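To keep things clear, I will list the structure first and then write my remarks on it.
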Amino acid sequence: MSRDPNAGGSDRPRGTTSPAPDAVPAVDSRLIVREEGVRGYVNEFRRKMRSGELGSLPVVVALIIIWTVFGSLNSTFLSAQNLSDLSQQIVGTGMIAVGIVFVLLLGEIDLSVGSVSGLCAAVFAVLNVLNGMNQWLALLVAIAGGAAVGLIHGFFFAKVGVPAFVVTLAGNLFWNGLMLQVLGANGTVNIPSDSIVAKLYSTIFHSAATAYIVAGVGVGLFLLASLLDAKRRQAARVPFRPVGEIVLRTVVIAAIAFVTAYILNQYQGLPLALLIFLILLVVLDFVLRRTGYGRQIFAVGGNIEGARRAGISVPFVRMSVFTIAGTMAAIGGIFLAGQIQSASQTSGGGNLLMNVIAAAVIGGTSLFGGRGSVWSALLGALVIGSIQSGMNIMGVSNAVQFMITGAVLLAAVVVDSLSRRSQKAAGRA
């Protein structure tokens, strides 16, 4: 009697198992892209655009449009002098925006950075100018004060459980009041032009070689870091960038760096403030993308419950991030004080808070957490600074500037929301 091959029984002896089918190895999509060459990269770019993975593309396109429009309306906008001045003017706002980027990566917000920046500038001015404290020590005390303020905010948020919005809103009022108390009856403390704070902002390296050397060193370090990363990933048998792609990326970076150096040299040279800003961006970018701590920040911002189950100390990450935000607010406030060479009752006020949040969001950092880069602060600050500079040259009123800046911020949030919706639809969020 023959057995039906489709029946449930089997002639195989009991206790034995059927051999498992050959496993199909998982193939990383990035390997397929790189094997297909230029066509693969084009297809990958199209896929990212369809799925909403826009990256920094919208802000780069916006920056090109802004420069093209203002440059066509008034040639002064694209002059070496105006672009050099712009590179200095965005530093203070950009520094504070970097701290906002860290907070936004958690999906939170800090509404106190404006008043914290003003308070720290006032602390430096009062300690150094009015009380004669050594300027370096006064500078360290001011920056440490910003870190302490951020730590206090982080404690109430992470340990006590008060929403970050409420904590920092209360902080905005409290630290602004403390700033007024520190400044006293006069309300304004002038900072001497030979002070370290004024020099940090106003110092310019007039030698043309300096800007080109800095550009060359930056490009060289980028190339070296890329090659070492590719070697490390290759040794770990995970996808890595081929040499050709690394060289192409390095050429693009080199073009941007040396064109920037050339433009700066057409006016006065490389501003020290811009150099310090770029160094801080490189260091903090390394912290976010190349360290375990940076990965923890993205993990907490992307999925807080998953981060907890992975053993990440969520309270520590939250407190440390708000400490970083307070520190960067203090540093930004110092540069803003050096720009106007004074600390006053208006320090940290006006539209500063709006501008730093707008810079972080417009630069590409998501309001929903888990996605962004410190370079967003640079790109966003460039957009905000370019709009203000262009409209000032055109003689546009402050009222119209506020409305246009608000519209740009809303557009950035809309793009972020639509991008996130597209990624969810594509199963990549």
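Residue numbering restarts at 1 in every chain; chains get A, B, ... in the order shown in the structure tokens, and ligands count up from 1 in that same order.
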
Which residues come within 9 Å of segment 368-378 of chain A, counting only C-alpha atoms, excluding same-chain residues fewer than 3 positions away, as a short mmCIF file (atom, residue, chain, number, x, y, z; two decimals) with N, CA, C and O atoms, in the first residue's frame?
```
data_model
loop_
_atom_site.label_atom_id
_atom_site.label_comp_id
_atom_site.auth_asym_id
_atom_site.auth_seq_id
_atom_site.Cartn_x
_atom_site.Cartn_y
_atom_site.Cartn_z
N GLY A 55 16.51 64.81 4.61
CA GLY A 55 17.77 65.27 5.16
C GLY A 55 17.88 66.79 5.15
O GLY A 55 16.94 67.51 5.49
N SER A 56 19.04 67.29 4.73
CA SER A 56 19.29 68.73 4.70
C SER A 56 18.93 69.36 3.36
O SER A 56 19.16 70.56 3.16
N VAL A 59 16.63 72.68 3.29
CA VAL A 59 17.25 73.92 3.79
C VAL A 59 18.34 74.39 2.84
O VAL A 59 18.54 75.60 2.66
N ILE A 90 26.04 85.25 12.82
CA ILE A 90 25.24 84.05 13.12
C ILE A 90 25.84 83.22 14.24
O ILE A 90 25.19 82.28 14.72
N VAL A 91 27.05 83.56 14.70
CA VAL A 91 27.74 82.70 15.66
C VAL A 91 26.99 82.61 16.98
O VAL A 91 26.75 81.52 17.51
N THR A 93 23.81 83.25 17.78
CA THR A 93 22.54 82.54 17.60
C THR A 93 22.79 81.07 17.32
O THR A 93 22.09 80.19 17.85
N GLY A 94 23.79 80.79 16.50
CA GLY A 94 24.09 79.40 16.15
C GLY A 94 24.54 78.58 17.35
O GLY A 94 24.16 77.41 17.49
N MET A 95 25.34 79.19 18.23
CA MET A 95 25.80 78.48 19.43
C MET A 95 24.60 78.06 20.29
O MET A 95 24.53 76.91 20.75
N ILE A 96 23.68 78.98 20.51
CA ILE A 96 22.51 78.65 21.33
C ILE A 96 21.64 77.62 20.61
O ILE A 96 21.08 76.71 21.24
N ALA A 97 21.54 77.72 19.29
CA ALA A 97 20.74 76.77 18.52
C ALA A 97 21.29 75.36 18.62
O ALA A 97 20.53 74.38 18.55
N VAL A 98 22.61 75.21 18.76
CA VAL A 98 23.20 73.87 18.93
C VAL A 98 22.64 73.20 20.18
O VAL A 98 22.29 72.01 20.16
N GLY A 99 22.52 73.95 21.27
CA GLY A 99 21.92 73.39 22.48
C GLY A 99 20.47 73.00 22.27
O GLY A 99 20.02 71.96 22.77
N ILE A 100 19.74 73.81 21.51
CA ILE A 100 18.35 73.49 21.19
C ILE A 100 18.26 72.21 20.38
O ILE A 100 17.34 71.40 20.55
N VAL A 101 19.22 71.98 19.49
CA VAL A 101 19.24 70.75 18.69
C VAL A 101 19.29 69.53 19.60
O VAL A 101 18.55 68.55 19.41
N PHE A 102 20.16 69.56 20.62
CA PHE A 102 20.26 68.43 21.55
C PHE A 102 18.92 68.18 22.24
O PHE A 102 18.49 67.03 22.39
N VAL A 103 18.25 69.26 22.66
CA VAL A 103 16.97 69.11 23.36
C VAL A 103 15.90 68.57 22.40
O VAL A 103 15.11 67.68 22.76
N LEU A 104 15.87 69.09 21.17
CA LEU A 104 14.89 68.63 20.20
C LEU A 104 15.08 67.16 19.85
O LEU A 104 14.11 66.46 19.52
N LEU A 105 16.31 66.67 19.89
CA LEU A 105 16.56 65.26 19.62
C LEU A 105 15.84 64.37 20.62
O LEU A 105 15.55 63.20 20.33
N LEU A 106 15.56 64.89 21.81
CA LEU A 106 14.78 64.15 22.80
C LEU A 106 13.28 64.32 22.58
O LEU A 106 12.47 63.70 23.28
N GLY A 107 12.90 65.18 21.63
CA GLY A 107 11.50 65.48 21.42
C GLY A 107 10.96 66.47 22.42
O GLY A 107 9.75 66.56 22.64
N GLU A 108 11.86 67.26 23.04
CA GLU A 108 11.47 68.24 24.05
C GLU A 108 11.81 69.65 23.55
O GLU A 108 12.28 69.82 22.43
N PHE A 277 33.19 78.47 16.35
CA PHE A 277 31.88 77.86 16.09
C PHE A 277 32.03 76.56 15.32
O PHE A 277 31.44 75.52 15.68
N LEU A 278 32.84 76.58 14.28
CA LEU A 278 33.03 75.38 13.45
C LEU A 278 33.71 74.26 14.25
O LEU A 278 33.36 73.08 14.11
N LEU A 281 31.16 72.69 16.45
CA LEU A 281 30.26 71.85 15.66
C LEU A 281 30.90 70.50 15.36
O LEU A 281 30.24 69.45 15.46
N VAL A 282 32.17 70.50 14.99
CA VAL A 282 32.87 69.25 14.68
C VAL A 282 32.93 68.36 15.93
O VAL A 282 32.66 67.15 15.87
N LEU A 284 31.00 68.41 18.71
CA LEU A 284 29.69 67.94 19.14
C LEU A 284 29.08 66.98 18.12
O LEU A 284 28.33 66.06 18.50
N ASP A 285 29.40 67.15 16.84
CA ASP A 285 28.95 66.18 15.83
C ASP A 285 29.59 64.82 16.08
O ASP A 285 28.94 63.78 15.95
N LEU A 288 27.78 63.20 18.99
CA LEU A 288 26.46 62.67 18.64
C LEU A 288 26.53 61.44 17.76
O LEU A 288 25.76 60.49 17.95
N ARG A 289 27.44 61.41 16.80
CA ARG A 289 27.41 60.35 15.79
C ARG A 289 28.42 59.23 16.04
O ARG A 289 28.28 58.15 15.47
N ILE A 297 21.25 59.34 23.10
CA ILE A 297 20.38 60.51 22.90
C ILE A 297 19.37 60.21 21.79
O ILE A 297 18.16 60.45 21.94
N PHE A 298 19.85 59.67 20.66
CA PHE A 298 18.94 59.34 19.57
C PHE A 298 17.96 58.25 19.98
O PHE A 298 16.78 58.28 19.59
N ALA A 299 18.44 57.29 20.76
CA ALA A 299 17.56 56.20 21.20
C ALA A 299 16.45 56.71 22.10
O ALA A 299 15.27 56.33 21.93
N VAL A 300 16.77 57.58 23.05
CA VAL A 300 15.76 58.13 23.95
C VAL A 300 14.77 58.99 23.17
O VAL A 300 13.55 58.94 23.41
N GLY A 301 15.26 59.77 22.22
CA GLY A 301 14.37 60.60 21.42
C GLY A 301 13.51 59.82 20.46
O GLY A 301 12.38 60.20 20.17
N GLY A 302 14.03 58.68 19.98
CA GLY A 302 13.28 57.88 19.02
C GLY A 302 12.26 56.97 19.66
O GLY A 302 11.14 56.80 19.15
N ASN A 303 12.62 56.35 20.78
CA ASN A 303 11.72 55.40 21.45
C ASN A 303 12.14 55.30 22.90
O ASN A 303 13.03 54.52 23.24
N VAL A 356 16.57 81.17 17.64
CA VAL A 356 17.38 79.97 17.89
C VAL A 356 16.54 78.70 17.69
O VAL A 356 17.04 77.70 17.15
N ALA A 359 16.13 78.39 13.96
CA ALA A 359 17.36 77.94 13.32
C ALA A 359 17.51 76.43 13.42
O ALA A 359 17.86 75.75 12.45
N ALA A 360 17.23 75.87 14.61
CA ALA A 360 17.36 74.43 14.80
C ALA A 360 16.36 73.66 13.95
O ALA A 360 16.70 72.66 13.31
N VAL A 361 15.11 74.14 13.92
CA VAL A 361 14.06 73.44 13.18
C VAL A 361 14.22 73.62 11.68
O VAL A 361 14.13 72.66 10.90
N ILE A 362 14.48 74.85 11.25
CA ILE A 362 14.66 75.12 9.82
C ILE A 362 15.87 74.35 9.29
O ILE A 362 15.87 73.87 8.15
N GLY A 363 16.90 74.18 10.13
CA GLY A 363 18.09 73.46 9.70
C GLY A 363 17.87 71.97 9.47
O GLY A 363 18.73 71.31 8.89
N GLY A 364 16.74 71.43 9.93
CA GLY A 364 16.44 70.03 9.65
C GLY A 364 16.26 69.14 10.86
O GLY A 364 16.02 67.94 10.70
N THR A 365 16.37 69.67 12.08
CA THR A 365 16.15 68.86 13.27
C THR A 365 14.65 68.70 13.50
O THR A 365 13.92 69.68 13.51
N ALA A 381 20.84 78.79 11.13
CA ALA A 381 21.31 80.14 11.45
C ALA A 381 21.65 80.91 10.19
O ALA A 381 21.42 82.13 10.10
N LEU A 382 22.20 80.23 9.19
CA LEU A 382 22.49 80.88 7.91
C LEU A 382 21.21 81.35 7.23
O LEU A 382 21.16 82.46 6.67
N VAL A 383 20.17 80.51 7.27
CA VAL A 383 18.90 80.89 6.65
C VAL A 383 18.31 82.11 7.36
O VAL A 383 17.94 83.11 6.73
N ASP A 416 8.75 69.02 7.89
CA ASP A 416 9.11 67.98 8.85
C ASP A 416 7.94 67.02 9.08
O ASP A 416 8.10 65.80 9.10
N SER A 417 6.74 67.58 9.24
CA SER A 417 5.56 66.75 9.48
C SER A 417 5.23 65.87 8.27
O SER A 417 4.95 64.67 8.42
N ARG A 420 7.80 63.10 7.98
CA ARG A 420 7.57 62.04 8.95
C ARG A 420 6.39 61.17 8.54
O ARG A 420 6.42 59.95 8.67
#
```

List every residue of segment 125-348 of chain A that DSSP, applied to the backbone, labels as strand (DSSP E), and write the result as an mmCIF file with N, CA, C and O atoms, in the first residue's frame.
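Saved file result_13.cif follows:
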```cif
data_model
loop_
_atom_site.group_PDB
_atom_site.id
_atom_site.type_symbol
_atom_site.label_atom_id
_atom_site.label_comp_id
_atom_site.auth_asym_id
_atom_site.auth_seq_id
_atom_site.Cartn_x
_atom_site.Cartn_y
_atom_site.Cartn_z
ATOM 1 N N THR A 188 22.831 98.485 32.556
ATOM 2 C CA THR A 188 23.742 98.231 31.438
ATOM 3 C C THR A 188 25.182 98.280 31.931
ATOM 4 O O THR A 188 25.557 99.186 32.673
ATOM 5 N N VAL A 189 25.968 97.284 31.507
ATOM 6 C CA VAL A 189 27.397 97.255 31.819
ATOM 7 C C VAL A 189 28.148 97.164 30.503
ATOM 8 O O VAL A 189 27.997 96.186 29.756
ATOM 9 N N ASN A 190 28.936 98.188 30.191
ATOM 10 C CA ASN A 190 29.717 98.195 28.959
ATOM 11 C C ASN A 190 30.953 97.318 29.111
ATOM 12 O O ASN A 190 31.639 97.351 30.137
ATOM 13 N N ILE A 204 40.009 88.954 13.907
ATOM 14 C CA ILE A 204 40.002 88.419 12.543
ATOM 15 C C ILE A 204 41.441 88.130 12.124
ATOM 16 O O ILE A 204 42.333 88.959 12.313
ATOM 17 N N PHE A 205 41.672 86.949 11.568
ATOM 18 C CA PHE A 205 42.995 86.584 11.058
ATOM 19 C C PHE A 205 43.112 87.149 9.638
ATOM 20 O O PHE A 205 42.544 86.615 8.691
ATOM 21 N N LEU A 270 39.697 85.469 8.057
ATOM 22 C CA LEU A 270 38.926 84.483 8.812
ATOM 23 C C LEU A 270 38.584 85.005 10.204
ATOM 24 O O LEU A 270 39.486 85.254 11.010
ATOM 25 N N PRO A 271 37.297 85.154 10.546
ATOM 26 C CA PRO A 271 36.920 85.589 11.897
ATOM 27 C C PRO A 271 37.162 84.476 12.916
ATOM 28 O O PRO A 271 36.847 83.306 12.665
ATOM 29 N N SER A 342 28.472 94.879 25.397
ATOM 30 C CA SER A 342 27.736 95.277 26.588
ATOM 31 C C SER A 342 26.795 94.168 27.016
ATOM 32 O O SER A 342 26.459 93.277 26.218
ATOM 33 N N ALA A 343 26.377 94.241 28.287
ATOM 34 C CA ALA A 343 25.318 93.381 28.809
ATOM 35 C C ALA A 343 24.271 94.310 29.394
ATOM 36 O O ALA A 343 24.593 95.191 30.203
ATOM 37 N N SER A 344 23.036 94.133 28.985
ATOM 38 C CA SER A 344 21.984 95.053 29.412
ATOM 39 C C SER A 344 20.717 94.299 29.746
ATOM 40 O O SER A 344 20.655 93.068 29.647
#
```

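Of the residues under consideration (A:Gly132, A:Gly216, A:Gln88, A:Ala144), A:Gly216 shows the shortest atom-to-atom contact distance to Phe258 of chain A when counting only C-alpha atoms.
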
6 Å contact set for segment 404-412 of chain A, only C-alpha atoms, chain neighbours under 3 positions out, as a PyMOL selection string: chain A and resi 358+362+401+415

If you run DSSP on the backbone, which residues of segment 70-168 of chain A are alpha helix (DSSP H), as a ChimeraX atom specification? /A:70-73,80-105,113-125,135-155,164-168

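Distance-wise, atom CA of Gln296 of chain A and atom CA of Val317 of chain A end up 7.3 Å apart.
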
What lies within 10 Å of Lys199 of chain A using only C-alpha atoms, ignoring chain neighbours under 2 positions off, as a compact mmCIF listing (two decimals) with N, CA, C and O atoms, in the first residue's frame?
```
# COMPACT_ATOMS: atom_id res chain seq x y z
N PRO A 192 34.70 96.49 27.82
CA PRO A 192 35.80 97.14 27.07
C PRO A 192 36.15 96.39 25.80
O PRO A 192 36.03 95.16 25.73
N SER A 193 36.61 97.14 24.81
CA SER A 193 36.94 96.52 23.52
C SER A 193 38.15 95.61 23.61
O SER A 193 38.34 94.74 22.75
N ASP A 194 39.00 95.78 24.67
CA ASP A 194 40.16 94.91 24.81
C ASP A 194 39.86 93.72 25.72
O ASP A 194 40.75 92.94 26.05
N SER A 195 38.59 93.54 26.12
CA SER A 195 38.19 92.40 26.94
C SER A 195 38.24 91.13 26.11
O SER A 195 38.07 91.14 24.89
N ILE A 196 38.43 89.99 26.78
CA ILE A 196 38.51 88.71 26.09
C ILE A 196 37.21 88.40 25.36
O ILE A 196 37.21 87.85 24.25
N VAL A 197 36.08 88.81 25.93
CA VAL A 197 34.78 88.56 25.30
C VAL A 197 34.65 89.35 24.00
O VAL A 197 34.21 88.82 22.98
N TYR A 201 34.87 87.84 19.67
CA TYR A 201 33.98 88.13 18.56
C TYR A 201 34.67 88.92 17.46
O TYR A 201 34.48 88.65 16.27
N SER A 202 35.48 89.91 17.82
CA SER A 202 35.99 90.86 16.83
C SER A 202 37.30 90.45 16.18
O SER A 202 37.66 91.00 15.13
N THR A 203 38.04 89.51 16.77
CA THR A 203 39.35 89.14 16.22
C THR A 203 39.19 88.50 14.84
O THR A 203 38.35 87.60 14.64
N ILE A 204 40.01 88.95 13.91
CA ILE A 204 40.00 88.42 12.54
C ILE A 204 41.44 88.13 12.12
O ILE A 204 42.33 88.96 12.31
N LEU A 272 37.71 84.85 14.06
CA LEU A 272 37.96 83.87 15.13
C LEU A 272 36.64 83.27 15.61
O LEU A 272 36.57 82.07 15.92
N ALA A 273 35.59 84.07 15.70
CA ALA A 273 34.29 83.58 16.17
C ALA A 273 33.78 82.45 15.30
O ALA A 273 33.28 81.43 15.80
N PHE A 335 29.16 85.43 23.29
CA PHE A 335 29.48 85.96 21.96
C PHE A 335 28.55 87.10 21.57
O PHE A 335 28.97 88.07 20.93
N GLY A 338 29.80 90.08 23.34
CA GLY A 338 31.01 90.57 22.67
C GLY A 338 30.69 91.30 21.38
O GLY A 338 31.41 92.23 20.98
N GLN A 339 29.59 90.92 20.73
CA GLN A 339 29.20 91.58 19.49
C GLN A 339 28.79 93.03 19.71
O GLN A 339 29.18 93.92 18.96
N GLN A 341 29.35 94.55 22.73
CA GLN A 341 30.26 95.03 23.78
C GLN A 341 29.51 95.59 24.98
O GLN A 341 29.88 96.63 25.54
```

Dump as CSV the rows for residues of segment 177-233 of chain A within 10 Å of segment 118-121 of chain A: closest atom pair and distance in Å with one decimal, only C-alpha atoms counted, ordered by chain and rising residue number.
```
residue,atom,partner,partner_atom,distance
A:Gly177,CA,A:Leu119,CA,9.0
A:Leu178,CA,A:Leu119,CA,7.2
A:Met179,CA,A:Leu119,CA,4.6
A:Leu180,CA,A:Leu119,CA,8.2
A:Gln181,CA,A:Leu119,CA,9.7
A:Val182,CA,A:Leu119,CA,8.0
A:Leu183,CA,A:Leu119,CA,9.0
A:Val189,CA,A:Ala121,CA,9.9
A:Val197,CA,A:Ala121,CA,9.4
```

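Between atom CA of Gly146 of chain A and atom CA of Gly311 of chain A the interatomic distance comes to 29.3 Å.
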
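You can rank A:Ile357, A:Arg295, A:Ala122, A:Gln388 by their closest distance to Asn176 of chain A using only C-alpha atoms, and at the top of that list sits A:Ala122.
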